[in-house]
Amino acid sequence: MDEFGATAGAVGDPVPDQLRALFNNPDDVRVQHLPCVLPGLDSLAVHFGAGARTVPHQHHNGQHLVFVEGIGVVADEAGVHVVRAGEVVSNPPNAWHWHGATPGAGATHVTFEAPGDFDLAVQRRDWDDSYDPGLGDTIAPVV
């Protein structure tokens, strides 16, 4: 039987202890478990407050992100990318990246990934320097 979930209007739960190290400010992030009957995958909605984001990391099996609300940011080997609700980002296996909200707007994305498959033992690179305070200011959110 199909399973259903919704992100609209949801606030999620506090970030669990085992995931807190993944975020720059876990108290500004909420997570919501979503149904996922695909073998070997889990699904979460991650609700980022303005300025909240992950630290650099990688997923050994890759990660698929669907932005569903707000203005988000994803950084990878090619640079920093501003994304809006409705955009999809697919991170290949073992790719260095980070993602979250822009400094001025919150964002929510739904993630599909293997449970527990994140590795924080990666270089921070330009993580601190590439997050400009005006990042995303010229992008209007989808309403």
# chains A, B, ... in the order shown; residues from 1 in each chain; ligands from 1
>>> residues_around(residues="region 70-87 of chain A", least_positions_apart="6", cutoff="12 Å", atoms="only C-alpha atoms", output="compact mmCIF listing (two decimals) with N, CA and C atoms, in the first residue's frame")
# COMPACT_ATOMS: atom_id res chain seq x y z
N ALA A 8 4.12 20.65 3.74
CA ALA A 8 3.44 21.95 3.85
C ALA A 8 2.87 22.12 5.26
N VAL A 46 14.00 18.52 5.73
CA VAL A 46 14.87 19.29 6.61
C VAL A 46 14.46 20.75 6.46
N HIS A 47 14.02 21.34 7.56
CA HIS A 47 13.54 22.72 7.60
C HIS A 47 14.68 23.57 8.18
N PHE A 48 15.31 24.40 7.34
CA PHE A 48 16.42 25.26 7.74
C PHE A 48 15.91 26.67 8.01
N GLY A 49 16.24 27.23 9.17
CA GLY A 49 16.01 28.65 9.39
C GLY A 49 17.01 29.45 8.58
N ALA A 50 16.74 30.74 8.39
CA ALA A 50 17.67 31.59 7.64
C ALA A 50 19.07 31.46 8.24
N GLY A 51 20.05 31.24 7.37
CA GLY A 51 21.44 31.12 7.81
C GLY A 51 21.87 29.75 8.27
N ALA A 52 20.94 28.83 8.43
CA ALA A 52 21.29 27.47 8.86
C ALA A 52 21.71 26.64 7.65
N ARG A 53 22.72 25.81 7.82
CA ARG A 53 23.21 24.97 6.74
C ARG A 53 24.00 23.82 7.30
N THR A 54 24.29 22.88 6.45
CA THR A 54 25.13 21.76 6.87
C THR A 54 26.59 22.20 6.82
N VAL A 55 27.42 21.47 7.49
CA VAL A 55 28.86 21.61 7.31
C VAL A 55 29.23 20.75 6.10
N PRO A 56 30.41 20.94 5.52
CA PRO A 56 30.80 20.10 4.39
C PRO A 56 30.78 18.62 4.78
N HIS A 57 30.32 17.81 3.85
CA HIS A 57 30.24 16.37 4.09
C HIS A 57 30.13 15.65 2.75
N GLN A 58 30.07 14.34 2.82
CA GLN A 58 29.82 13.53 1.63
C GLN A 58 28.94 12.34 2.02
N HIS A 64 19.91 12.79 -2.88
CA HIS A 64 18.99 13.47 -3.78
C HIS A 64 18.20 14.48 -2.95
N ASN A 94 30.07 10.07 -2.94
CA ASN A 94 31.36 10.57 -2.46
C ASN A 94 31.67 12.01 -2.86
N ALA A 95 30.67 12.78 -3.29
CA ALA A 95 30.90 14.16 -3.70
C ALA A 95 30.89 15.08 -2.48
N TRP A 96 31.93 15.92 -2.36
CA TRP A 96 32.01 16.94 -1.32
C TRP A 96 30.91 17.97 -1.58
N HIS A 97 30.17 18.32 -0.55
CA HIS A 97 29.13 19.34 -0.70
C HIS A 97 28.63 19.82 0.67
N TRP A 98 27.86 20.89 0.63
CA TRP A 98 27.09 21.34 1.79
C TRP A 98 25.84 22.03 1.25
N HIS A 99 24.83 22.19 2.11
CA HIS A 99 23.56 22.76 1.65
C HIS A 99 22.75 23.27 2.82
N GLY A 100 21.77 24.12 2.51
CA GLY A 100 20.90 24.65 3.54
C GLY A 100 20.15 25.86 3.03
N ALA A 101 19.99 26.84 3.93
CA ALA A 101 19.26 28.07 3.60
C ALA A 101 20.24 29.19 3.32
N THR A 102 19.77 30.22 2.64
CA THR A 102 20.58 31.41 2.44
C THR A 102 20.56 32.23 3.74
N PRO A 103 21.46 33.21 3.88
CA PRO A 103 21.47 34.01 5.11
C PRO A 103 20.17 34.77 5.37
N GLY A 104 19.43 35.13 4.31
CA GLY A 104 18.25 35.95 4.49
C GLY A 104 16.91 35.25 4.39
N ALA A 105 16.90 33.95 4.13
CA ALA A 105 15.62 33.25 3.96
C ALA A 105 15.75 31.79 4.38
N GLY A 106 14.72 31.26 4.99
CA GLY A 106 14.69 29.85 5.33
C GLY A 106 14.46 29.00 4.09
N ALA A 107 14.67 27.72 4.21
CA ALA A 107 14.45 26.77 3.12
C ALA A 107 14.13 25.40 3.68
N THR A 108 13.37 24.65 2.91
CA THR A 108 13.08 23.26 3.25
C THR A 108 13.41 22.40 2.04
N HIS A 109 14.11 21.31 2.30
CA HIS A 109 14.32 20.32 1.24
C HIS A 109 13.96 18.94 1.75
N VAL A 110 13.57 18.09 0.82
CA VAL A 110 13.33 16.68 1.11
C VAL A 110 14.54 15.93 0.59
N GLN A 123 37.45 17.92 4.10
CA GLN A 123 37.99 19.27 4.28
C GLN A 123 36.87 20.31 4.27
N ARG A 124 37.04 21.35 5.04
CA ARG A 124 36.06 22.44 5.05
C ARG A 124 36.23 23.35 3.84
N ARG A 125 37.42 23.37 3.25
CA ARG A 125 37.73 24.19 2.07
C ARG A 125 37.32 25.63 2.30
N ASP A 126 36.53 26.21 1.41
CA ASP A 126 36.13 27.62 1.53
C ASP A 126 34.74 27.77 2.15
N TRP A 127 34.33 26.81 2.98
CA TRP A 127 32.99 26.80 3.56
C TRP A 127 32.67 28.12 4.25
N ASP A 128 33.59 28.65 5.04
CA ASP A 128 33.34 29.89 5.77
C ASP A 128 33.34 31.11 4.84
N ASP A 129 34.20 31.12 3.85
CA ASP A 129 34.38 32.29 3.00
C ASP A 129 33.36 32.39 1.86
N SER A 130 32.76 31.29 1.46
CA SER A 130 31.89 31.29 0.28
C SER A 130 30.42 31.55 0.61
N TYR A 131 30.11 31.80 1.87
CA TYR A 131 28.73 32.04 2.30
C TYR A 131 28.54 33.54 2.55
N ASP A 132 28.39 34.27 1.48
CA ASP A 132 28.28 35.73 1.52
C ASP A 132 26.97 36.15 2.18
N GLY A 134 24.94 38.42 1.48
CA GLY A 134 23.91 38.77 0.50
C GLY A 134 23.52 37.64 -0.41
N LEU A 135 24.03 36.44 -0.15
CA LEU A 135 23.75 35.28 -1.01
C LEU A 135 22.25 35.06 -1.15
N GLY A 136 21.76 35.04 -2.36
CA GLY A 136 20.34 34.79 -2.62
C GLY A 136 19.43 36.00 -2.54
N ASP A 137 19.98 37.18 -2.20
CA ASP A 137 19.14 38.36 -2.05
C ASP A 137 18.41 38.76 -3.34
N THR A 138 18.96 38.45 -4.48
CA THR A 138 18.32 38.85 -5.74
C THR A 138 17.39 37.78 -6.29
N ILE A 139 17.22 36.70 -5.57
CA ILE A 139 16.35 35.61 -6.01
C ILE A 139 15.04 35.71 -5.24
N ALA A 140 13.94 35.83 -5.93
CA ALA A 140 12.64 35.88 -5.28
C ALA A 140 12.16 34.46 -4.98
N PRO A 141 11.65 34.20 -3.78
CA PRO A 141 11.13 32.88 -3.48
C PRO A 141 9.88 32.57 -4.29
N VAL A 142 9.67 31.31 -4.56
CA VAL A 142 8.45 30.86 -5.24
C VAL A 142 7.35 30.83 -4.19
N VAL A 143 6.21 31.45 -4.49
CA VAL A 143 5.09 31.45 -3.54
C VAL A 143 3.89 30.74 -4.10
>>> residues_around(residues="Pro26 (chain A)", least_positions_apart="2", cutoff="9 Å", atoms="only C-alpha atoms", output="list in words")
Pro14, Val15, Leu19, Arg20, Ala21, Leu22, Phe23, Asn24, Asp28, Val29, Arg30, Phe48, Ala52, Arg53 and Thr54 of chain A
>>> atom_distance(atom1="CA of Pro39 (chain A)", atom2="CA of Ala114 (chain A)")
9.2 Å
>>> atom_distance(atom1="CA of Asp13 (chain A)", atom2="CA of Asn61 (chain A)")
25.3 Å
>>> atom_distance(atom1="CA of Asn25 (chain A)", atom2="CA of Leu65 (chain A)")
19.8 Å
>>> select_by_dssp(residues="region 28-70 of chain A", states="strand (DSSP E)", output="MDAnalysis selection string")
chainID A and resid 29:34 42:48 63:70
>>> closest_residue(among="A:Val11, A:His60, A:Glu3, A:His33", to="Ala121 (chain A)", atoms="only C-alpha atoms")
A:His60
>>> decode(residues="region 13-71 of chain A", atoms="C-alpha atoms", output="PDB file, in the first residue's frame")
ATOM      1  CA  ASP A  13      11.255  17.846  15.311  1.00  0.00           C
ATOM      2  CA  PRO A  14      14.525  18.999  16.862  1.00  0.00           C
ATOM      3  CA  VAL A  15      17.647  17.581  15.234  1.00  0.00           C
ATOM      4  CA  PRO A  16      18.464  14.253  16.927  1.00  0.00           C
ATOM      5  CA  ASP A  17      21.790  13.980  18.756  1.00  0.00           C
ATOM      6  CA  GLN A  18      23.343  11.714  16.108  1.00  0.00           C
ATOM      7  CA  LEU A  19      22.789  14.394  13.406  1.00  0.00           C
ATOM      8  CA  ARG A  20      23.637  17.600  15.333  1.00  0.00           C
ATOM      9  CA  ALA A  21      27.281  17.668  14.159  1.00  0.00           C
ATOM     10  CA  LEU A  22      26.029  17.870  10.555  1.00  0.00           C
ATOM     11  CA  PHE A  23      24.700  21.435  11.006  1.00  0.00           C
ATOM     12  CA  ASN A  24      26.312  24.815  11.728  1.00  0.00           C
ATOM     13  CA  ASN A  25      23.432  25.691  14.068  1.00  0.00           C
ATOM     14  CA  PRO A  26      21.292  22.620  14.787  1.00  0.00           C
ATOM     15  CA  ASP A  27      18.899  24.634  16.949  1.00  0.00           C
ATOM     16  CA  ASP A  28      17.763  26.490  13.783  1.00  0.00           C
ATOM     17  CA  VAL A  29      17.038  23.234  11.945  1.00  0.00           C
ATOM     18  CA  ARG A  30      14.061  20.882  12.270  1.00  0.00           C
ATOM     19  CA  VAL A  31      13.765  17.422  10.742  1.00  0.00           C
ATOM     20  CA  GLN A  32      10.671  15.533   9.709  1.00  0.00           C
ATOM     21  CA  HIS A  33      10.718  11.833   8.887  1.00  0.00           C
ATOM     22  CA  LEU A  34       8.759  11.114   5.721  1.00  0.00           C
ATOM     23  CA  PRO A  35       7.499   7.797   4.395  1.00  0.00           C
ATOM     24  CA  CYS A  36       9.856   6.075   1.978  1.00  0.00           C
ATOM     25  CA  VAL A  37       9.212   2.529   0.830  1.00  0.00           C
ATOM     26  CA  LEU A  38      12.137   2.498  -1.625  1.00  0.00           C
ATOM     27  CA  PRO A  39      14.580  -0.259  -0.648  1.00  0.00           C
ATOM     28  CA  GLY A  40      17.682   1.009   1.149  1.00  0.00           C
ATOM     29  CA  LEU A  41      16.594   4.653   1.249  1.00  0.00           C
ATOM     30  CA  ASP A  42      15.272   6.991   3.900  1.00  0.00           C
ATOM     31  CA  SER A  43      13.527  10.322   3.422  1.00  0.00           C
ATOM     32  CA  LEU A  44      13.563  13.425   5.588  1.00  0.00           C
ATOM     33  CA  ALA A  45      12.258  16.932   5.207  1.00  0.00           C
ATOM     34  CA  VAL A  46      14.867  19.290   6.608  1.00  0.00           C
ATOM     35  CA  HIS A  47      13.545  22.715   7.595  1.00  0.00           C
ATOM     36  CA  PHE A  48      16.419  25.258   7.744  1.00  0.00           C
ATOM     37  CA  GLY A  49      16.006  28.647   9.391  1.00  0.00           C
ATOM     38  CA  ALA A  50      17.668  31.587   7.642  1.00  0.00           C
ATOM     39  CA  GLY A  51      21.437  31.123   7.806  1.00  0.00           C
ATOM     40  CA  ALA A  52      21.293  27.473   8.857  1.00  0.00           C
ATOM     41  CA  ARG A  53      23.209  24.968   6.736  1.00  0.00           C
ATOM     42  CA  THR A  54      25.128  21.761   6.875  1.00  0.00           C
ATOM     43  CA  VAL A  55      28.862  21.608   7.311  1.00  0.00           C
ATOM     44  CA  PRO A  56      30.797  20.100   4.390  1.00  0.00           C
ATOM     45  CA  HIS A  57      30.239  16.368   4.090  1.00  0.00           C
ATOM     46  CA  GLN A  58      29.818  13.531   1.625  1.00  0.00           C
ATOM     47  CA  HIS A  59      27.479  10.582   1.177  1.00  0.00           C
ATOM     48  CA  HIS A  60      29.126   7.363   0.046  1.00  0.00           C
ATOM     49  CA  ASN A  61      25.956   6.401  -1.843  1.00  0.00           C
ATOM     50  CA  GLY A  62      24.979   9.916  -2.976  1.00  0.00           C
ATOM     51  CA  GLN A  63      22.031  12.066  -1.994  1.00  0.00           C
ATOM     52  CA  HIS A  64      18.988  13.468  -3.785  1.00  0.00           C
ATOM     53  CA  LEU A  65      17.553  16.829  -2.628  1.00  0.00           C
ATOM     54  CA  VAL A  66      14.191  18.308  -3.623  1.00  0.00           C
ATOM     55  CA  PHE A  67      13.751  21.910  -2.478  1.00  0.00           C
ATOM     56  CA  VAL A  68      10.100  22.448  -1.550  1.00  0.00           C
ATOM     57  CA  GLU A  69      10.082  25.836   0.188  1.00  0.00           C
ATOM     58  CA  GLY A  70      12.134  29.040   0.379  1.00  0.00           C
ATOM     59  CA  ILE A  71      15.530  29.891  -1.059  1.00  0.00           C
TER      60      ILE A  71
END
